[in-house]
$ cat final_9.cif   # mmCIF, C-alpha atoms and all ligand atoms
data_my_file
loop_
_atom_site.label_atom_id
_atom_site.label_comp_id
_atom_site.auth_asym_id
_atom_site.auth_seq_id
_atom_site.Cartn_x
_atom_site.Cartn_y
_atom_site.Cartn_z
CA MET A 1389 0.00 0.00 0.00
CA ALA A 1390 2.38 2.70 1.14
CA LEU A 1391 5.14 4.01 3.29
CA HIS A 1392 3.63 5.03 6.61
CA ARG A 1393 6.25 6.20 9.16
CA LEU A 1394 9.82 6.47 10.33
CA THR A 1395 10.54 3.35 12.32
CA ARG A 1396 14.02 3.84 13.78
CA ILE A 1397 17.14 5.95 13.48
CA THR A 1398 20.71 5.13 14.41
CA ILE A 1399 22.87 8.05 15.49
CA GLY A 1400 26.62 7.66 15.74
CA VAL A 1401 28.40 9.71 18.41
CA PRO A 1402 31.91 9.69 19.91
CA ASN A 1403 30.51 9.79 23.48
CA VAL A 1404 27.80 7.13 23.60
CA ALA A 1405 27.35 6.81 27.38
CA GLU A 1406 27.07 10.57 27.95
CA THR A 1407 24.68 10.99 25.01
CA ALA A 1408 22.59 8.04 26.19
CA SER A 1409 22.11 9.77 29.57
CA TYR A 1410 20.88 12.87 27.73
CA TYR A 1411 18.21 10.97 25.77
CA ALA A 1412 17.06 9.19 28.93
CA GLU A 1413 16.58 12.62 30.54
CA PHE A 1414 14.88 13.81 27.34
CA GLY A 1415 12.18 11.26 28.13
CA LEU A 1416 13.02 8.28 25.95
CA SER A 1417 12.90 4.85 27.62
CA LYS A 1418 15.94 2.61 27.63
CA ALA A 1419 15.08 -0.53 25.69
CA PRO A 1420 16.77 -3.90 25.96
CA GLY A 1421 17.99 -3.78 22.34
CA SER A 1422 19.20 -6.84 20.46
CA PRO A 1423 21.33 -9.54 22.07
CA GLY A 1424 25.01 -8.78 21.58
CA ASP A 1425 24.25 -5.19 20.61
CA GLU A 1426 26.82 -2.89 22.20
CA GLY A 1427 24.82 0.22 21.37
CA HIS A 1428 22.09 1.89 23.38
CA THR A 1429 18.49 1.56 22.25
CA PHE A 1430 15.57 3.80 23.27
CA SER A 1431 11.81 3.59 22.89
CA THR A 1432 9.12 6.24 22.56
CA GLY A 1433 5.69 5.93 24.15
CA ASP A 1434 3.94 4.82 20.96
CA GLY A 1435 6.62 4.06 18.38
CA GLY A 1436 8.57 1.23 20.01
CA GLU A 1437 12.35 1.16 19.62
CA GLN A 1438 13.09 4.31 17.62
CA LEU A 1439 16.61 5.41 18.55
CA ARG A 1440 19.91 3.57 18.59
CA LEU A 1441 23.15 5.21 19.62
CA VAL A 1442 26.37 3.66 18.38
CA PRO A 1443 30.01 4.74 18.65
CA THR A 1444 31.46 6.69 15.69
CA GLU A 1445 34.38 9.07 15.35
CA ARG A 1446 32.21 12.07 14.52
CA ARG A 1447 28.53 12.63 15.18
CA ARG A 1448 26.28 11.65 12.28
CA LEU A 1449 23.09 9.88 11.30
CA VAL A 1450 24.20 6.37 10.44
CA GLU A 1451 20.89 4.81 9.44
CA LEU A 1452 17.27 5.80 8.86
CA ARG A 1453 14.57 3.13 8.73
CA VAL A 1454 11.19 3.69 7.09
CA GLY A 1455 8.12 1.50 7.58
CA ALA A 1456 6.07 0.21 4.64
CA ASP A 1457 2.83 -1.77 4.65
CA ASP A 1458 3.66 -4.86 2.62
CA PRO A 1459 6.16 -6.57 0.30
CA ASP A 1460 4.64 -4.85 -2.76
CA ASP A 1461 5.99 -1.57 -1.41
CA ILE A 1462 9.44 -3.06 -1.12
CA GLU A 1463 9.26 -4.26 -4.74
CA ARG A 1464 8.18 -0.80 -5.87
CA VAL A 1465 11.02 0.91 -3.98
CA ALA A 1466 13.61 -1.54 -5.32
CA ALA A 1467 12.35 -1.00 -8.89
CA SER A 1468 12.35 2.80 -8.51
CA LEU A 1469 15.91 2.83 -7.15
CA SER A 1470 17.01 0.62 -10.00
CA ARG A 1471 15.43 3.01 -12.54
CA LEU A 1472 17.45 5.83 -10.97
CA ASP A 1473 20.64 3.73 -11.13
CA ILE A 1474 20.90 3.81 -7.32
CA ALA A 1475 22.38 0.65 -5.85
CA SER A 1476 20.29 -1.26 -3.30
CA GLU A 1477 20.21 -4.65 -1.65
CA ARG A 1478 17.50 -6.74 -0.09
CA THR A 1479 17.22 -7.27 3.65
CA PRO A 1480 15.03 -9.94 5.27
CA ALA A 1481 12.05 -7.56 5.46
CA GLY A 1482 12.93 -4.81 3.05
CA VAL A 1483 15.46 -3.01 0.92
CA ARG A 1484 18.58 -1.06 1.88
CA THR A 1485 20.21 1.79 0.00
CA TYR A 1486 22.73 4.55 0.68
CA ASP A 1487 22.44 8.26 0.06
CA PRO A 1488 25.91 9.67 -0.67
CA GLY A 1489 24.74 13.28 -0.18
CA THR A 1490 23.77 12.78 3.46
CA GLU A 1491 26.00 9.72 3.99
CA VAL A 1492 23.00 7.92 5.48
CA THR A 1493 22.00 4.29 4.97
CA VAL A 1494 18.24 4.10 4.39
CA VAL A 1495 16.27 0.91 4.94
CA VAL A 1496 12.63 0.58 3.87
CA GLU A 1497 11.08 -2.40 5.61
CA VAL A 1498 7.68 -3.94 6.21
CA ALA A 1499 6.60 -2.76 9.66
CA GLY A 1500 3.42 -2.26 11.64
CA ARG A 1501 1.69 1.08 11.55
CA ILE A 1502 1.89 3.26 14.63
CA GLU A 1503 -1.24 3.21 16.76
CA GLN A 1504 -1.82 6.27 18.90
CA ALA A 1505 -4.61 6.61 21.45
CA ASP A 1506 -6.87 9.58 20.83
CA THR A 1507 -5.34 12.40 22.87
CA PRO A 1508 -7.75 15.36 22.89
CA ALA A 1509 -6.46 18.83 23.67
CA PRO A 1510 -7.16 19.87 27.27
CA PRO A 1511 -10.04 22.33 27.78
CA CYS A 1512 -8.91 25.88 27.13
CA ASN A 1513 -10.59 29.10 28.27
CA THR A 1514 -10.93 31.60 25.44
CA PRO A 1515 -12.67 35.00 25.22
CA GLY A 1516 -16.38 34.43 25.78
CA HIS A 1517 -15.92 30.68 26.22
CA ILE A 1518 -15.15 29.23 29.65
CA ALA A 1519 -14.31 25.63 28.85
CA ARG A 1520 -12.62 24.98 32.20
CA PRO A 1521 -14.70 26.59 34.95
CA ASP A 1522 -13.39 26.54 38.53
CA THR A 1523 -10.36 24.43 37.63
CA ARG A 1524 -6.63 25.08 37.21
CA ALA A 1525 -5.15 24.34 33.77
CA PRO A 1526 -4.05 20.69 33.39
CA GLY A 1527 -0.75 21.93 31.98
CA VAL A 1528 0.27 23.51 35.28
CA MET A 1529 -0.87 20.56 37.40
CA ARG A 1530 1.14 17.87 35.63
CA GLU A 1531 4.00 16.31 37.55
CA ASN A 1532 4.83 13.38 35.26
CA ARG A 1533 8.04 13.27 33.29
CA VAL A 1534 7.58 14.31 29.70
CA GLN A 1535 7.75 11.28 27.44
CA PRO A 1536 7.85 11.71 23.66
CA ARG A 1537 5.09 9.75 21.91
CA LYS A 1538 7.02 9.08 18.71
CA LEU A 1539 9.91 10.08 16.47
CA GLY A 1540 8.58 12.73 14.09
CA HIS A 1541 11.33 13.80 11.71
CA VAL A 1542 15.00 14.20 10.99
CA VAL A 1543 16.77 17.11 9.30
CA LEU A 1544 19.97 16.43 7.43
CA GLY A 1545 22.67 18.44 5.72
CA SER A 1546 23.56 17.09 2.29
CA LEU A 1547 26.45 17.73 -0.04
CA ASP A 1548 23.97 17.11 -2.87
CA GLN A 1549 20.51 18.31 -1.84
CA ALA A 1550 19.00 17.65 -5.27
CA GLY A 1551 20.39 14.12 -5.37
CA SER A 1552 19.22 13.34 -1.83
CA GLN A 1553 15.76 14.74 -2.59
CA ARG A 1554 15.56 12.60 -5.74
CA LEU A 1555 16.46 9.48 -3.76
CA PHE A 1556 13.81 10.12 -1.11
CA THR A 1557 11.03 11.19 -3.50
CA GLU A 1558 11.51 9.38 -6.81
CA GLY A 1559 13.41 6.48 -5.27
CA LEU A 1560 11.60 5.76 -2.03
CA GLY A 1561 8.24 7.46 -2.59
CA PHE A 1562 8.29 10.36 -0.12
CA LYS A 1563 5.96 13.25 -1.01
CA ILE A 1564 6.83 16.94 -0.92
CA SER A 1565 4.71 19.03 1.47
CA ASP A 1566 6.40 22.43 1.08
CA THR A 1567 9.62 23.84 -0.33
CA VAL A 1568 12.14 26.52 0.59
CA PRO A 1569 13.65 27.20 -2.86
CA GLY A 1570 17.33 26.56 -3.20
CA LEU A 1571 17.58 25.26 0.36
CA ALA A 1572 15.30 22.41 1.28
CA ALA A 1573 12.16 20.38 0.70
CA PHE A 1574 9.89 19.15 3.48
CA MET A 1575 9.22 15.49 2.63
CA ARG A 1576 6.76 13.06 4.22
CA CYS A 1577 6.32 9.29 4.32
CA SER A 1578 3.28 9.47 6.62
CA THR A 1579 0.43 11.87 7.41
CA ASP A 1580 2.96 14.12 9.21
CA HIS A 1581 3.78 17.32 7.30
CA HIS A 1582 7.42 16.25 7.22
CA ASN A 1583 9.46 13.25 8.23
CA VAL A 1584 12.69 14.10 6.42
CA LEU A 1585 14.10 17.47 5.46
CA VAL A 1586 17.35 17.64 3.53
CA GLN A 1587 19.17 20.94 3.13
CA GLN A 1588 22.22 21.80 1.09
CA ALA A 1589 25.29 21.98 3.34
CA PRO A 1590 29.09 22.05 3.10
CA LEU A 1591 29.17 18.58 4.64
CA ALA A 1592 26.87 15.71 5.43
CA PHE A 1593 25.61 16.03 9.00
CA LEU A 1594 22.63 15.48 11.27
CA HIS A 1595 20.99 18.81 12.09
CA HIS A 1596 18.23 17.58 14.37
CA THR A 1597 15.82 14.85 15.31
CA SER A 1598 12.29 15.75 16.41
CA TRP A 1599 10.08 14.02 18.93
CA GLN A 1600 6.32 14.39 19.35
CA VAL A 1601 4.84 15.33 22.70
CA ASN A 1602 1.17 15.83 23.59
CA ASP A 1603 0.82 19.59 23.51
CA ILE A 1604 2.54 22.94 23.95
CA ASP A 1605 2.70 22.49 27.73
CA GLU A 1606 4.71 19.32 27.23
CA VAL A 1607 7.06 21.15 24.84
CA GLY A 1608 7.62 23.79 27.52
CA ARG A 1609 7.78 21.43 30.48
CA GLY A 1610 10.15 19.02 28.69
CA ALA A 1611 12.57 21.77 27.69
CA THR A 1612 12.39 23.42 31.11
CA MET A 1613 13.34 20.16 32.83
CA MET A 1614 16.26 19.66 30.45
CA LEU A 1615 17.49 23.21 31.05
CA GLU A 1616 17.21 22.92 34.82
CA LYS A 1617 19.86 20.21 34.54
CA ASP A 1618 22.05 22.16 32.12
CA PRO A 1619 21.12 25.60 30.72
CA ALA A 1620 23.79 25.25 28.02
CA ARG A 1621 21.55 22.71 26.29
CA HIS A 1622 19.29 25.49 25.02
CA VAL A 1623 19.35 26.12 21.28
CA TRP A 1624 16.07 27.75 20.16
CA GLY A 1625 12.57 27.99 21.54
CA LEU A 1626 9.83 28.30 22.49
CA GLY A 1627 8.33 29.18 19.13
CA ARG A 1628 5.97 28.11 16.40
CA HIS A 1629 7.14 27.13 12.95
CA HIS A 1630 5.25 28.57 10.01
CA VAL A 1631 5.96 25.66 7.68
CA GLY A 1632 4.40 22.64 9.40
CA SER A 1633 2.81 24.88 12.10
CA ASN A 1634 4.34 22.98 15.02
CA PHE A 1635 5.35 24.41 18.37
CA PHE A 1636 9.06 23.77 18.89
CA TRP A 1637 11.91 23.91 21.36
CA TYR A 1638 15.38 22.75 20.30
CA LEU A 1639 18.05 21.45 22.67
CA ARG A 1640 21.60 20.20 22.10
CA ASP A 1641 22.79 16.72 23.03
CA PRO A 1642 26.36 16.20 24.36
CA ALA A 1643 27.57 15.15 20.92
CA GLY A 1644 26.26 18.34 19.26
CA ASN A 1645 23.08 16.98 17.64
CA PHE A 1646 19.94 19.03 18.17
CA SER A 1647 16.81 17.35 19.50
CA GLU A 1648 13.40 19.02 19.21
CA TYR A 1649 10.24 18.62 21.26
CA TYR A 1650 7.27 19.37 19.01
CA SER A 1651 3.48 19.38 19.14
CA ASP A 1652 0.58 20.26 16.83
CA LEU A 1653 2.30 19.58 13.51
CA ASP A 1654 0.16 19.88 10.36
CA CYS A 1655 -1.11 16.49 9.19
CA ILE A 1656 -1.87 15.69 5.57
CA VAL A 1657 -4.52 12.98 5.45
CA ASP A 1658 -5.84 13.61 1.94
CA ASP A 1659 -3.06 14.50 -0.49
CA ALA A 1660 -5.58 16.10 -2.86
CA LEU A 1661 -6.60 18.65 -0.23
CA TRP A 1662 -3.07 19.88 0.57
CA THR A 1663 -1.43 22.48 -1.64
CA PRO A 1664 2.38 22.53 -1.40
CA ARG A 1665 3.83 26.03 -1.37
CA THR A 1666 7.21 27.63 -1.51
CA TRP A 1667 8.39 29.78 1.39
CA GLU A 1668 11.07 32.43 1.30
CA GLY A 1669 13.13 34.09 4.02
CA LEU A 1670 12.32 33.92 7.72
CA ARG A 1671 8.80 32.52 7.06
CA GLY A 1672 10.59 29.35 6.05
CA LEU A 1673 11.93 29.18 9.58
CA TYR A 1674 9.29 30.39 12.01
CA ASN A 1675 6.06 32.28 12.62
CA TRP A 1676 6.72 33.54 16.14
CA GLY A 1677 9.22 33.10 18.93
CA PRO A 1678 12.71 34.44 19.54
CA PRO A 1679 14.76 34.89 16.36
CA PRO A 1680 16.78 31.80 15.45
CA PRO A 1681 20.32 32.02 16.84
CA PRO A 1682 23.14 31.77 14.27
CA SER A 1683 24.12 28.46 15.89
CA PHE A 1684 20.77 26.97 14.84
CA LEU A 1685 21.39 27.77 11.20
CA ALA A 1686 25.05 26.72 11.31
CA PRO A 1687 25.84 24.53 14.32
CA GLU A 1688 29.02 25.66 16.03
CA ASP A 1689 30.80 22.35 15.57
CA LEU A 1690 30.48 22.30 11.76
CA ALA A 1691 33.93 23.75 11.13
CA GLY A 1692 35.46 21.12 13.40
CA LEU A 1693 33.48 18.36 11.76
CA MET A 1694 34.66 19.52 8.34
CA THR A 1695 38.27 19.57 9.50
CA GLY A 1696 37.79 16.03 10.72
CA VAL A 1697 36.33 14.93 7.40
CA HIS A 1698 38.98 16.61 5.32
CA GLY A 1699 41.71 15.41 7.63
CA GLY A 1700 40.55 11.86 6.90
CA ARG A 1701 39.48 11.13 10.45
FE FE A 1801 12.15 20.20 13.27
#

$ encode --input "final_9.cif" --output "structure tokens" --more "lines below"
Ligand SMILES: [Fe+2]
Amino acid sequence: MALHRLTRITIGVPNVAETASYYAEFGLSKAPGSPGDEGHTFSTGDGGEQLRLVPTERRRLVELRVGADDPDDIERVAASLSRLDIASERTPAGVRTYDPGTEVTVVVEVAGRIEQADTPAPPCNTPGHIARPDTRAPGVMRENRVQPRKLGHVVLGSLDQAGSQRLFTEGLGFKISDTVPGLAAFMRCSTDHHNVLVQQAPLAFLHHTSWQVNDIDEVGRGATMMLEKDPARHVWGLGRHHVGSNFFWYLRDPAGNFSEYYSDLDCIVDDALWTPRTWEGLRGLYNWGPPPPPSFLAPEDLAGLMTGVHGGR
């Protein structure tokens, strides 16, 4: 039938134990992982095992796995890659390929769809409409740890944005939701507005991963808890993106990767009813919130990462 979600990502970092502690504090649950697996595996509330951390010399996204409904999808992906002259190989449940622009291995595999319990927005008082009489807001009464419900998207720098975009769209079957001309395309493999965004960059690197939480209070509470532990983790937030509409707050893990809490992302259920648009300038980045810091646009460790690459390390 179709692609339907991101299943799991593998991030390589030089400091696995320290980075694993960060993602545990971020709200992901440590999972047992596979026998003999020396990496660290984490689960989300609804998506199962969605993050693996493995040791690498420099931080990067090693692998991205995409769920498809049935073997017909795998056949279609393999045929499309072949038409594009992109090498691929079969895995027990899918097909594996490699994107040289982002230096990421991509696996499309048959996997179950994500099932999420209906999570209605809490009652909200608005002018002329008292939806929550005589009661404090649920968002200020919560004491639970914030736990991301699922992995939402990844954003990657590519040495060849056009080539990476071609692999994801024409090769794998991602759809384009919106475009920032000359920079990036927001691509989806599910009803989420975007699951993968690839932007042109001077080197292949992982910009950020993004994790769904229930609502804006969880975005704020999650980030606040992370910053109480270490204020230097702050990157950018709280704000609302214009493209995709989601509330966001970005934090930095100990390896330099950004991780985003998000809520209320646009969802595209009927492709025919969504009109992709192009966005220029700051609108491509955000609708409201503090202005993006320069380190969001160009992470501070990029120069060092490039030196490492060019030095052959
Ligand atoms: Fe994001």

$ residues_near_point --input "final_9.cif" --point "(19.1, 4.3, 9.4)" --cutoff "12 Å" --atoms "only C-alpha atoms" --output "NGL selection string"
:A and (1394-1400 or 1438-1442 or 1448-1455 or 1483-1487 or 1490-1497 or 1542 or 1594)

$ write_last_selection --input "final_9.cif" --atoms "C-alpha atoms" --output "PDB file, in the coordinates of the input"
ATOM      1  CA  LEU A1394       9.820   6.470  10.330  1.00  0.00           C
ATOM      2  CA  THR A1395      10.540   3.350  12.320  1.00  0.00           C
ATOM      3  CA  ARG A1396      14.020   3.840  13.780  1.00  0.00           C
ATOM      4  CA  ILE A1397      17.140   5.950  13.480  1.00  0.00           C
ATOM      5  CA  THR A1398      20.710   5.130  14.410  1.00  0.00           C
ATOM      6  CA  ILE A1399      22.870   8.050  15.490  1.00  0.00           C
ATOM      7  CA  GLY A1400      26.620   7.660  15.740  1.00  0.00           C
ATOM      8  CA  GLN A1438      13.090   4.310  17.620  1.00  0.00           C
ATOM      9  CA  LEU A1439      16.610   5.410  18.550  1.00  0.00           C
ATOM     10  CA  ARG A1440      19.910   3.570  18.590  1.00  0.00           C
ATOM     11  CA  LEU A1441      23.150   5.210  19.620  1.00  0.00           C
ATOM     12  CA  VAL A1442      26.370   3.660  18.380  1.00  0.00           C
ATOM     13  CA  ARG A1448      26.280  11.650  12.280  1.00  0.00           C
ATOM     14  CA  LEU A1449      23.090   9.880  11.300  1.00  0.00           C
ATOM     15  CA  VAL A1450      24.200   6.370  10.440  1.00  0.00           C
ATOM     16  CA  GLU A1451      20.890   4.810   9.440  1.00  0.00           C
ATOM     17  CA  LEU A1452      17.270   5.800   8.860  1.00  0.00           C
ATOM     18  CA  ARG A1453      14.570   3.130   8.730  1.00  0.00           C
ATOM     19  CA  VAL A1454      11.190   3.690   7.090  1.00  0.00           C
ATOM     20  CA  GLY A1455       8.120   1.500   7.580  1.00  0.00           C
ATOM     21  CA  VAL A1483      15.460  -3.010   0.920  1.00  0.00           C
ATOM     22  CA  ARG A1484      18.580  -1.060   1.880  1.00  0.00           C
ATOM     23  CA  THR A1485      20.210   1.790   0.000  1.00  0.00           C
ATOM     24  CA  TYR A1486      22.730   4.550   0.680  1.00  0.00           C
ATOM     25  CA  ASP A1487      22.440   8.260   0.060  1.00  0.00           C
ATOM     26  CA  THR A1490      23.770  12.780   3.460  1.00  0.00           C
ATOM     27  CA  GLU A1491      26.000   9.720   3.990  1.00  0.00           C
ATOM     28  CA  VAL A1492      23.000   7.920   5.480  1.00  0.00           C
ATOM     29  CA  THR A1493      22.000   4.290   4.970  1.00  0.00           C
ATOM     30  CA  VAL A1494      18.240   4.100   4.390  1.00  0.00           C
ATOM     31  CA  VAL A1495      16.270   0.910   4.940  1.00  0.00           C
ATOM     32  CA  VAL A1496      12.630   0.580   3.870  1.00  0.00           C
ATOM     33  CA  GLU A1497      11.080  -2.400   5.610  1.00  0.00           C
ATOM     34  CA  VAL A1542      15.000  14.200  10.990  1.00  0.00           C
ATOM     35  CA  LEU A1594      22.630  15.480  11.270  1.00  0.00           C
TER      36      LEU A1594
END

$ residues_near_ligand --input "final_9.cif" --ligand "ligand FE 1801 (chain A)" --cutoff "10 Å" --atoms "all atoms listed in the file" --output "list in words"
Gly1540, His1541, Val1542, Val1543, His1582, Asn1583, Val1584, Leu1585, His1595, His1596, Thr1597, Ser1598, Trp1599, His1629, Val1631, Gly1632, Asn1634, Phe1635, Phe1636, Trp1637, Tyr1638, Phe1646, Ser1647, Glu1648, Tyr1649, Tyr1650, Leu1653 and Leu1673 of chain A

$ atom_distance --input "final_9.cif" --atom1 "CA of Val1568 in chain A" --atom2 "CA of Ala1550 in chain A"
12.7 Å

$ closest_residue --input "final_9.cif" --among "A:Val1528, A:Asp1548, A:Gly1559, A:Thr1612" --to "Ala1467 in chain A" --atoms "all atoms listed in the file"
A:Gly1559

$ residues_around --input "final_9.cif" --residues "His1581 in chain A" --least-positions-apart "3" --cutoff "12 Å" --atoms "only C-alpha atoms" --output "MDAnalysis selection string"
chainID A and resid 1393 1540:1541 1562:1567 1573:1578 1584:1585 1629:1634 1652:1659 1662:1664

$ atom_distance --input "final_9.cif" --atom1 "CA of Val1404 in chain A" --atom2 "CA of Arg1446 in chain A"
11.2 Å

$ closest_residue --input "final_9.cif" --among "A:Arg1533, A:Arg1524, A:Lys1538, A:Arg1665" --to "Gly1610 in chain A" --atoms "only C-alpha atoms"
A:Arg1533

$ atom_distance --input "final_9.cif" --atom1 "CA of Val1401 in chain A" --atom2 "CA of Thr1444 in chain A"
5.1 Å

$ closest_residue --input "final_9.cif" --among "A:Val1465, A:Leu1571, A:Leu1472, A:Leu1670" --to "Arg1554 in chain A" --atoms "only C-alpha atoms"
A:Leu1472

$ closest_residue --input "final_9.cif" --among "A:Gly1570, A:Gly1608, A:Pro1687, A:Pro1536" --to "Gly1672 in chain A" --atoms "all atoms listed in the file"
A:Gly1570

$ closest_residue --input "final_9.cif" --among "A:Gly1696, A:Gly1644, A:Gly1415, A:Pro1682" --to "Asn1532 in chain A" --atoms "all atoms listed in the file"
A:Gly1415

$ residues_around --input "final_9.cif" --residues "Cys1512 in chain A" --least-positions-apart "5" --cutoff "12 Å" --atoms "only C-alpha atoms" --output "list in words"
His1517, Ile1518, Ala1519, Arg1520, Pro1521, Thr1523, Arg1524, Ala1525, Pro1526 and Gly1527 of chain A
